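Novice: File name upload.cif; file contents mmCIF, N, CA and C atoms; full text below.
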data_coords
loop_
_atom_site.label_atom_id
_atom_site.label_comp_id
_atom_site.auth_asym_id
_atom_site.auth_seq_id
_atom_site.Cartn_x
_atom_site.Cartn_y
_atom_site.Cartn_z
N MET A 1 -18.63 1.22 -10.68
CA MET A 1 -17.61 1.16 -9.69
C MET A 1 -18.09 1.81 -8.40
N HIS A 2 -17.70 1.27 -7.26
CA HIS A 2 -18.05 1.88 -5.99
C HIS A 2 -17.31 3.19 -5.81
N ASP A 3 -17.87 4.11 -5.06
CA ASP A 3 -17.21 5.38 -4.78
C ASP A 3 -15.96 5.18 -3.94
N ASP A 4 -15.82 4.04 -3.30
CA ASP A 4 -14.68 3.80 -2.43
C ASP A 4 -13.45 3.32 -3.17
N ALA A 5 -13.52 3.12 -4.48
CA ALA A 5 -12.37 2.71 -5.26
C ALA A 5 -12.07 3.85 -6.22
N VAL A 6 -11.10 4.68 -5.89
CA VAL A 6 -10.85 5.89 -6.66
C VAL A 6 -9.37 6.05 -6.97
N VAL A 7 -9.09 6.85 -8.00
CA VAL A 7 -7.73 7.25 -8.32
C VAL A 7 -7.71 8.76 -8.18
N ARG A 8 -6.71 9.29 -7.45
CA ARG A 8 -6.63 10.73 -7.26
C ARG A 8 -5.17 11.15 -7.26
N SER A 9 -4.95 12.43 -7.39
CA SER A 9 -3.59 12.95 -7.35
C SER A 9 -3.27 13.48 -5.97
N GLY A 10 -2.01 13.43 -5.60
CA GLY A 10 -1.58 13.94 -4.31
C GLY A 10 -0.08 13.82 -4.20
N PRO A 11 0.53 14.29 -3.11
CA PRO A 11 1.98 14.25 -2.96
C PRO A 11 2.49 12.86 -2.60
N SER A 12 3.80 12.70 -2.69
CA SER A 12 4.54 11.54 -2.23
C SER A 12 4.83 10.55 -3.34
N GLY A 13 5.76 9.66 -3.04
CA GLY A 13 6.20 8.68 -4.01
C GLY A 13 6.99 9.35 -5.11
N GLY A 14 7.75 8.59 -5.90
CA GLY A 14 8.46 9.18 -7.01
C GLY A 14 9.58 8.29 -7.53
N ARG A 15 10.39 8.86 -8.44
CA ARG A 15 11.48 8.12 -9.08
C ARG A 15 12.78 8.86 -8.88
N ALA A 16 13.84 8.12 -8.67
CA ALA A 16 15.18 8.70 -8.59
C ALA A 16 16.19 7.63 -8.98
N ASP A 17 17.04 7.95 -9.96
CA ASP A 17 18.12 7.05 -10.38
C ASP A 17 17.65 5.62 -10.65
N GLY A 18 16.56 5.45 -11.37
CA GLY A 18 16.08 4.13 -11.71
C GLY A 18 15.38 3.41 -10.58
N VAL A 19 15.23 4.08 -9.44
CA VAL A 19 14.55 3.49 -8.30
C VAL A 19 13.20 4.16 -8.15
N LEU A 20 12.18 3.38 -8.06
CA LEU A 20 10.81 3.86 -7.91
C LEU A 20 10.46 3.84 -6.43
N SER A 21 9.98 4.97 -5.92
CA SER A 21 9.56 5.07 -4.52
C SER A 21 8.05 5.03 -4.48
N VAL A 22 7.50 4.05 -3.78
CA VAL A 22 6.06 3.86 -3.69
C VAL A 22 5.64 4.05 -2.23
N LEU A 23 4.71 4.95 -2.01
CA LEU A 23 4.17 5.14 -0.67
C LEU A 23 2.91 4.30 -0.56
N LEU A 24 2.89 3.39 0.40
CA LEU A 24 1.71 2.57 0.68
C LEU A 24 1.10 3.09 1.96
N ASP A 25 -0.16 3.45 1.90
CA ASP A 25 -0.87 3.89 3.10
C ASP A 25 -1.93 2.85 3.38
N ILE A 26 -1.75 2.12 4.47
CA ILE A 26 -2.67 1.06 4.84
C ILE A 26 -3.55 1.56 5.97
N ALA A 27 -4.84 1.65 5.68
CA ALA A 27 -5.82 2.03 6.70
C ALA A 27 -6.55 0.74 7.08
N PRO A 28 -6.15 0.14 8.19
CA PRO A 28 -6.75 -1.14 8.57
C PRO A 28 -8.17 -0.97 9.06
N ASP A 29 -8.86 -2.08 9.11
CA ASP A 29 -10.23 -2.13 9.62
C ASP A 29 -10.25 -1.47 11.00
N PRO A 30 -11.10 -0.46 11.19
CA PRO A 30 -11.13 0.26 12.47
C PRO A 30 -11.59 -0.61 13.65
N GLU A 31 -12.14 -1.76 13.37
CA GLU A 31 -12.60 -2.63 14.46
C GLU A 31 -11.49 -3.51 15.03
N LEU A 32 -10.31 -3.50 14.42
CA LEU A 32 -9.20 -4.30 14.93
C LEU A 32 -8.55 -3.59 16.11
N ASP A 33 -8.07 -4.37 17.08
CA ASP A 33 -7.40 -3.77 18.23
C ASP A 33 -5.97 -3.38 17.85
N PRO A 34 -5.33 -2.49 18.61
CA PRO A 34 -4.00 -1.99 18.27
C PRO A 34 -2.94 -3.08 18.08
N GLU A 35 -2.99 -4.14 18.88
CA GLU A 35 -2.01 -5.21 18.72
C GLU A 35 -2.21 -5.93 17.40
N ALA A 36 -3.44 -6.16 17.00
CA ALA A 36 -3.72 -6.80 15.72
C ALA A 36 -3.28 -5.89 14.57
N LEU A 37 -3.44 -4.59 14.73
CA LEU A 37 -3.01 -3.64 13.71
C LEU A 37 -1.50 -3.71 13.51
N GLU A 38 -0.77 -3.75 14.62
CA GLU A 38 0.69 -3.83 14.53
C GLU A 38 1.12 -5.12 13.85
N GLN A 39 0.50 -6.23 14.21
CA GLN A 39 0.83 -7.51 13.59
C GLN A 39 0.52 -7.49 12.10
N LEU A 40 -0.59 -6.89 11.74
CA LEU A 40 -1.00 -6.77 10.34
C LEU A 40 0.04 -6.01 9.53
N ALA A 41 0.51 -4.88 10.06
CA ALA A 41 1.51 -4.08 9.36
C ALA A 41 2.83 -4.83 9.23
N ARG A 42 3.24 -5.52 10.28
CA ARG A 42 4.48 -6.30 10.23
C ARG A 42 4.38 -7.42 9.20
N GLN A 43 3.24 -8.08 9.16
CA GLN A 43 3.03 -9.17 8.20
C GLN A 43 3.15 -8.65 6.77
N LEU A 44 2.50 -7.53 6.48
CA LEU A 44 2.56 -6.97 5.13
C LEU A 44 3.98 -6.53 4.79
N ARG A 45 4.67 -5.86 5.71
CA ARG A 45 6.05 -5.46 5.45
C ARG A 45 6.93 -6.68 5.17
N ALA A 46 6.73 -7.77 5.90
CA ALA A 46 7.51 -8.99 5.70
C ALA A 46 7.24 -9.59 4.31
N GLU A 47 5.99 -9.59 3.90
CA GLU A 47 5.64 -10.11 2.57
C GLU A 47 6.29 -9.27 1.48
N ILE A 48 6.26 -7.95 1.65
CA ILE A 48 6.86 -7.06 0.66
C ILE A 48 8.39 -7.23 0.64
N ALA A 49 8.99 -7.40 1.82
CA ALA A 49 10.44 -7.56 1.92
C ALA A 49 10.92 -8.82 1.20
N GLU A 50 10.06 -9.81 1.04
CA GLU A 50 10.43 -11.04 0.33
C GLU A 50 10.55 -10.81 -1.17
N LEU A 51 9.99 -9.70 -1.66
CA LEU A 51 10.10 -9.36 -3.08
C LEU A 51 11.50 -8.81 -3.36
N ASP A 52 11.84 -8.63 -4.61
CA ASP A 52 13.14 -8.10 -5.00
C ASP A 52 13.12 -6.57 -4.95
N VAL A 53 12.89 -6.02 -3.74
CA VAL A 53 12.81 -4.57 -3.56
C VAL A 53 14.11 -4.06 -2.95
N GLU A 54 14.38 -2.77 -3.16
CA GLU A 54 15.57 -2.14 -2.58
C GLU A 54 15.42 -1.98 -1.07
N SER A 55 14.23 -1.51 -0.62
CA SER A 55 13.99 -1.33 0.80
C SER A 55 12.50 -1.26 1.09
N VAL A 56 12.16 -1.57 2.33
CA VAL A 56 10.80 -1.45 2.85
C VAL A 56 10.94 -0.82 4.22
N ARG A 57 10.29 0.34 4.41
CA ARG A 57 10.42 0.97 5.72
C ARG A 57 9.12 1.67 6.09
N PRO A 58 8.77 1.62 7.35
CA PRO A 58 7.60 2.38 7.81
C PRO A 58 7.94 3.86 7.83
N THR A 59 6.96 4.70 7.62
CA THR A 59 7.19 6.14 7.77
C THR A 59 7.04 6.48 9.24
N LEU A 60 7.56 7.61 9.64
CA LEU A 60 7.54 8.00 11.04
C LEU A 60 6.65 9.21 11.25
N GLY A 61 6.15 9.35 12.48
CA GLY A 61 5.35 10.52 12.84
C GLY A 61 3.89 10.16 12.96
N GLY A 62 3.07 11.15 13.31
CA GLY A 62 1.65 10.94 13.42
C GLY A 62 1.20 10.84 14.86
N THR A 63 -0.07 10.60 15.03
CA THR A 63 -0.67 10.52 16.34
C THR A 63 -1.11 9.09 16.62
N ALA A 64 -0.88 8.62 17.79
CA ALA A 64 -1.25 7.26 18.14
C ALA A 64 -2.76 7.11 18.22
N PRO A 65 -3.28 5.95 17.74
CA PRO A 65 -4.71 5.71 17.87
C PRO A 65 -5.08 5.45 19.31
N ALA A 66 -6.34 5.62 19.63
CA ALA A 66 -6.81 5.36 21.00
C ALA A 66 -6.47 3.93 21.39
N GLY A 67 -5.86 3.75 22.53
CA GLY A 67 -5.53 2.42 23.02
C GLY A 67 -4.21 1.88 22.53
N ALA A 68 -3.50 2.61 21.66
CA ALA A 68 -2.22 2.13 21.15
C ALA A 68 -1.18 2.12 22.26
N LYS A 69 -0.27 1.15 22.19
CA LYS A 69 0.76 1.02 23.21
C LYS A 69 2.11 1.37 22.63
N GLY A 70 2.39 2.68 22.47
CA GLY A 70 3.71 3.11 22.06
C GLY A 70 3.98 3.08 20.57
N THR A 71 3.02 2.76 19.74
CA THR A 71 3.23 2.74 18.30
C THR A 71 2.30 3.75 17.69
N ASP A 72 2.82 4.60 16.79
CA ASP A 72 1.95 5.63 16.22
C ASP A 72 1.19 5.12 15.01
N ALA A 73 0.14 5.83 14.65
CA ALA A 73 -0.76 5.41 13.58
C ALA A 73 -0.04 5.35 12.24
N VAL A 74 0.86 6.29 11.98
CA VAL A 74 1.52 6.31 10.69
C VAL A 74 2.49 5.14 10.57
N THR A 75 3.18 4.81 11.67
CA THR A 75 4.07 3.66 11.64
C THR A 75 3.29 2.40 11.32
N LEU A 76 2.09 2.28 11.85
CA LEU A 76 1.28 1.11 11.57
C LEU A 76 0.80 1.10 10.13
N GLY A 77 0.49 2.28 9.58
CA GLY A 77 -0.22 2.28 8.32
C GLY A 77 0.48 2.81 7.10
N ALA A 78 1.68 3.35 7.20
CA ALA A 78 2.34 3.90 6.02
C ALA A 78 3.69 3.25 5.83
N ILE A 79 3.94 2.80 4.63
CA ILE A 79 5.16 2.09 4.30
C ILE A 79 5.71 2.71 3.02
N VAL A 80 7.02 2.96 2.99
CA VAL A 80 7.67 3.41 1.76
C VAL A 80 8.46 2.23 1.22
N VAL A 81 8.22 1.90 -0.05
CA VAL A 81 8.90 0.80 -0.71
C VAL A 81 9.74 1.38 -1.84
N ALA A 82 11.02 1.10 -1.84
CA ALA A 82 11.90 1.50 -2.94
C ALA A 82 12.20 0.26 -3.76
N LEU A 83 11.99 0.37 -5.08
CA LEU A 83 12.20 -0.78 -5.95
C LEU A 83 12.71 -0.32 -7.30
N SER A 84 13.26 -1.26 -8.04
CA SER A 84 13.74 -0.95 -9.38
C SER A 84 12.57 -0.55 -10.25
N ALA A 85 12.76 0.50 -11.05
CA ALA A 85 11.69 0.98 -11.92
C ALA A 85 11.46 0.04 -13.10
N SER A 86 12.32 -0.95 -13.27
CA SER A 86 12.14 -1.93 -14.34
C SER A 86 12.20 -3.34 -13.76
N GLY A 87 11.90 -4.31 -14.57
CA GLY A 87 12.06 -5.69 -14.16
C GLY A 87 10.84 -6.34 -13.54
N GLY A 88 9.71 -5.68 -13.53
CA GLY A 88 8.48 -6.31 -13.06
C GLY A 88 8.29 -6.34 -11.55
N VAL A 89 9.17 -5.68 -10.80
CA VAL A 89 9.05 -5.69 -9.34
C VAL A 89 7.80 -4.92 -8.91
N PHE A 90 7.49 -3.82 -9.60
CA PHE A 90 6.29 -3.06 -9.26
C PHE A 90 5.05 -3.92 -9.41
N THR A 91 4.97 -4.67 -10.51
CA THR A 91 3.82 -5.56 -10.72
C THR A 91 3.75 -6.61 -9.62
N ALA A 92 4.90 -7.14 -9.20
CA ALA A 92 4.92 -8.12 -8.11
C ALA A 92 4.44 -7.50 -6.81
N LEU A 93 4.83 -6.24 -6.56
CA LEU A 93 4.38 -5.53 -5.36
C LEU A 93 2.86 -5.39 -5.38
N VAL A 94 2.32 -4.96 -6.51
CA VAL A 94 0.88 -4.77 -6.62
C VAL A 94 0.16 -6.10 -6.47
N ASP A 95 0.70 -7.17 -7.05
CA ASP A 95 0.10 -8.49 -6.89
C ASP A 95 0.10 -8.93 -5.43
N THR A 96 1.18 -8.63 -4.71
CA THR A 96 1.25 -8.95 -3.28
C THR A 96 0.17 -8.22 -2.51
N LEU A 97 -0.01 -6.93 -2.80
CA LEU A 97 -1.06 -6.16 -2.14
C LEU A 97 -2.44 -6.69 -2.49
N ARG A 98 -2.63 -7.03 -3.75
CA ARG A 98 -3.92 -7.59 -4.20
C ARG A 98 -4.23 -8.88 -3.45
N ASP A 99 -3.22 -9.76 -3.34
CA ASP A 99 -3.41 -11.02 -2.61
C ASP A 99 -3.71 -10.76 -1.14
N TRP A 100 -2.96 -9.83 -0.54
CA TRP A 100 -3.14 -9.51 0.87
C TRP A 100 -4.56 -9.01 1.14
N LEU A 101 -5.04 -8.11 0.31
CA LEU A 101 -6.41 -7.62 0.47
C LEU A 101 -7.43 -8.74 0.28
N GLY A 102 -7.18 -9.61 -0.68
CA GLY A 102 -8.11 -10.70 -0.97
C GLY A 102 -8.18 -11.76 0.11
N ARG A 103 -7.10 -11.91 0.88
CA ARG A 103 -7.08 -12.93 1.94
C ARG A 103 -7.84 -12.51 3.18
N SER A 104 -8.11 -11.25 3.32
CA SER A 104 -8.70 -10.75 4.56
C SER A 104 -10.17 -10.43 4.37
N SER A 105 -10.95 -10.80 5.36
CA SER A 105 -12.37 -10.44 5.34
C SER A 105 -12.59 -9.08 6.01
N ALA A 106 -11.54 -8.54 6.62
CA ALA A 106 -11.64 -7.24 7.29
C ALA A 106 -11.74 -6.13 6.25
N ARG A 107 -12.14 -4.95 6.70
CA ARG A 107 -12.33 -3.81 5.81
C ARG A 107 -11.10 -2.92 5.78
N HIS A 108 -10.03 -3.42 5.17
CA HIS A 108 -8.81 -2.64 5.05
C HIS A 108 -8.89 -1.77 3.80
N ARG A 109 -8.12 -0.68 3.79
CA ARG A 109 -7.99 0.16 2.61
C ARG A 109 -6.51 0.35 2.37
N VAL A 110 -6.11 0.26 1.11
CA VAL A 110 -4.71 0.47 0.75
C VAL A 110 -4.66 1.54 -0.33
N SER A 111 -3.76 2.52 -0.13
CA SER A 111 -3.50 3.54 -1.13
C SER A 111 -2.06 3.40 -1.58
N LEU A 112 -1.81 3.45 -2.89
CA LEU A 112 -0.48 3.45 -3.46
C LEU A 112 -0.27 4.80 -4.11
N THR A 113 0.87 5.45 -3.83
CA THR A 113 1.17 6.75 -4.43
C THR A 113 2.54 6.71 -5.08
N ILE A 114 2.56 7.11 -6.37
CA ILE A 114 3.80 7.24 -7.13
C ILE A 114 3.72 8.57 -7.87
N ASP A 115 4.74 9.39 -7.73
CA ASP A 115 4.79 10.67 -8.45
C ASP A 115 3.49 11.47 -8.30
N GLY A 116 2.89 11.45 -7.12
CA GLY A 116 1.67 12.21 -6.88
C GLY A 116 0.41 11.56 -7.41
N ASP A 117 0.51 10.39 -8.00
CA ASP A 117 -0.65 9.67 -8.54
C ASP A 117 -1.03 8.58 -7.53
N THR A 118 -2.24 8.68 -6.99
CA THR A 118 -2.67 7.76 -5.94
C THR A 118 -3.85 6.92 -6.40
N ILE A 119 -3.76 5.64 -6.09
CA ILE A 119 -4.91 4.75 -6.27
C ILE A 119 -5.28 4.27 -4.89
N GLU A 120 -6.57 4.33 -4.58
CA GLU A 120 -7.07 3.96 -3.26
C GLU A 120 -8.11 2.86 -3.43
N LEU A 121 -7.92 1.79 -2.68
CA LEU A 121 -8.82 0.64 -2.78
C LEU A 121 -9.50 0.39 -1.44
N GLU A 122 -10.81 0.36 -1.47
CA GLU A 122 -11.58 0.04 -0.28
C GLU A 122 -12.94 -0.50 -0.71
N ARG A 123 -13.28 -1.65 -0.23
CA ARG A 123 -14.56 -2.29 -0.50
C ARG A 123 -14.92 -2.40 -1.98
N ALA A 124 -13.94 -2.40 -2.85
CA ALA A 124 -14.19 -2.63 -4.26
C ALA A 124 -14.36 -4.13 -4.48
N THR A 125 -15.13 -4.50 -5.48
CA THR A 125 -15.23 -5.92 -5.80
C THR A 125 -13.87 -6.37 -6.33
N THR A 126 -13.66 -7.66 -6.38
CA THR A 126 -12.41 -8.20 -6.88
C THR A 126 -12.17 -7.74 -8.32
N ALA A 127 -13.20 -7.76 -9.16
CA ALA A 127 -13.06 -7.35 -10.56
C ALA A 127 -12.74 -5.86 -10.67
N GLU A 128 -13.40 -5.04 -9.87
CA GLU A 128 -13.14 -3.60 -9.90
C GLU A 128 -11.71 -3.30 -9.45
N ARG A 129 -11.29 -3.97 -8.38
CA ARG A 129 -9.94 -3.78 -7.88
C ARG A 129 -8.92 -4.19 -8.94
N ARG A 130 -9.14 -5.32 -9.59
CA ARG A 130 -8.24 -5.80 -10.64
C ARG A 130 -8.15 -4.78 -11.78
N ASP A 131 -9.28 -4.27 -12.26
CA ASP A 131 -9.29 -3.30 -13.36
C ASP A 131 -8.56 -2.02 -12.98
N LEU A 132 -8.81 -1.51 -11.77
CA LEU A 132 -8.13 -0.29 -11.32
C LEU A 132 -6.62 -0.51 -11.21
N ILE A 133 -6.23 -1.61 -10.63
CA ILE A 133 -4.81 -1.89 -10.44
C ILE A 133 -4.12 -2.09 -11.78
N ASP A 134 -4.76 -2.82 -12.69
CA ASP A 134 -4.16 -3.03 -14.00
C ASP A 134 -3.94 -1.72 -14.74
N ALA A 135 -4.90 -0.80 -14.68
CA ALA A 135 -4.75 0.51 -15.33
C ALA A 135 -3.63 1.31 -14.66
N TYR A 136 -3.54 1.23 -13.34
CA TYR A 136 -2.51 1.95 -12.59
C TYR A 136 -1.12 1.41 -12.96
N ILE A 137 -0.99 0.08 -13.04
CA ILE A 137 0.28 -0.54 -13.41
C ILE A 137 0.69 -0.08 -14.80
N ARG A 138 -0.24 -0.07 -15.75
CA ARG A 138 0.08 0.37 -17.11
C ARG A 138 0.60 1.81 -17.13
N ARG A 139 0.01 2.68 -16.32
CA ARG A 139 0.45 4.08 -16.27
C ARG A 139 1.88 4.22 -15.77
N HIS A 140 2.28 3.34 -14.86
CA HIS A 140 3.59 3.50 -14.21
C HIS A 140 4.65 2.54 -14.73
N THR A 141 4.30 1.69 -15.68
CA THR A 141 5.29 0.80 -16.27
C THR A 141 5.41 1.03 -17.77
N GLY A 142 4.58 1.93 -18.31
CA GLY A 142 4.63 2.21 -19.73
C GLY A 142 4.02 1.10 -20.56
N GLY A 143 3.29 0.19 -19.90
CA GLY A 143 2.74 -0.98 -20.61
C GLY A 143 1.36 -0.87 -20.99
#
What is this structure when it is put down as structure tokens?

Specialist:
Amino acid sequence: MHDDAVVRSGPSGGRADGVLSVLLDIAPDPELDPEALEQLARQLRAEIAELDVESVRPTLGGTAPAGAKGTDAVTLGAIVVALSASGGVFTALVDTLRDWLGRSSARHRVSLTIDGDTIELERATTAERRDLIDAYIRRHTGG
């Protein structure tokens, strides 16, 4: 496995009243311009919103990247998704992220955090990414 595909522990994400809170941290390809970054984040949020999720919202705060026009880095790259802890919605979310990463030739990185458990994907092969994601899904769905 590449060193860039890792699972680590850290804060954020969690469960409350049958609702699973997933923190998605999207670190887009640094070669993209700020307008492309904003469009990328909006596109991903729209794809996630089409799923049967409770809510999708950008997090607030942070420092704007060089050249950004009024949008901060965290708003572009961090999304909190609230979804039912049962019913396969989490798996659908992960599949959406997997597809999104696979469609792009850019060097994006996505981190998912639930209950302090983070999986980070960057430049992993398709097979490595699939294996990591499948293990992560099993940990958080009891499967």

Novice: Using the chain letters and numbering of this document, enumerate as JSON, numbers by chain the residues selected by the PyMOL selection byres (((chain A and resi 92 and name CA) around 12) and name CA).

Specialist: {"A": [47, 48, 49, 50, 51, 52, 53, 83, 84, 85, 86, 87, 88, 89, 90, 91, 93, 94, 95, 96, 97, 98, 99, 133, 134, 137]}

Novice: Pick out the closest residue to A:Ala78 from this set: A:Ala27, A:Leu32, A:Val19, A:Ala46. Count only N, CA and C atoms.

Specialist: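 When distances to A:Ala78 are compared using only N, CA and C atoms, the smallest one comes from A:Ala27.
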
Novice: What residues have an atom no more than 6 Å from (-0.6, -0.9, 1.2) in the file's own frame, counting all atoms listed in the file, and can you write them as a list in words?

Specialist: Leu24, Asp25, Ile26, Val110 and Ser111 of chain A

Novice: Considering only C-alpha atoms, state which residue in the set A:Ala36, A:Ile114, A:Ala82, A:Val56 is at the smallest distance from A:Gly18.

Specialist: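 Under the stated criterion, the closest residue is A:Ala82.
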
Novice: For a test of reading the model, state the distance in Å between atom CA of A:Arg129 and atom CA of A:His108, rounded to one decimal.

Specialist: 13.0 Å

Novice: In Å to one decimal, how far is atom C of A:Arg45 from atom N of A:Glu31?

Specialist: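 Spanning atom N of A:Glu31 to atom C of A:Arg45 is a straight-line distance of 21.3 Å.
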
Novice: With 8 Å of padding per side, what axis-aligned box (centre and edge lengths, Å, one decimal) covers all the listed atoms of stretch 111-121 of chain A? Give it as lines of an AutoDock Vina configuration file.

Specialist:
center_x = -2.4
center_y = 6.3
center_z = -4.3
size_x = 30.3
size_y = 27.8
size_z = 24.4
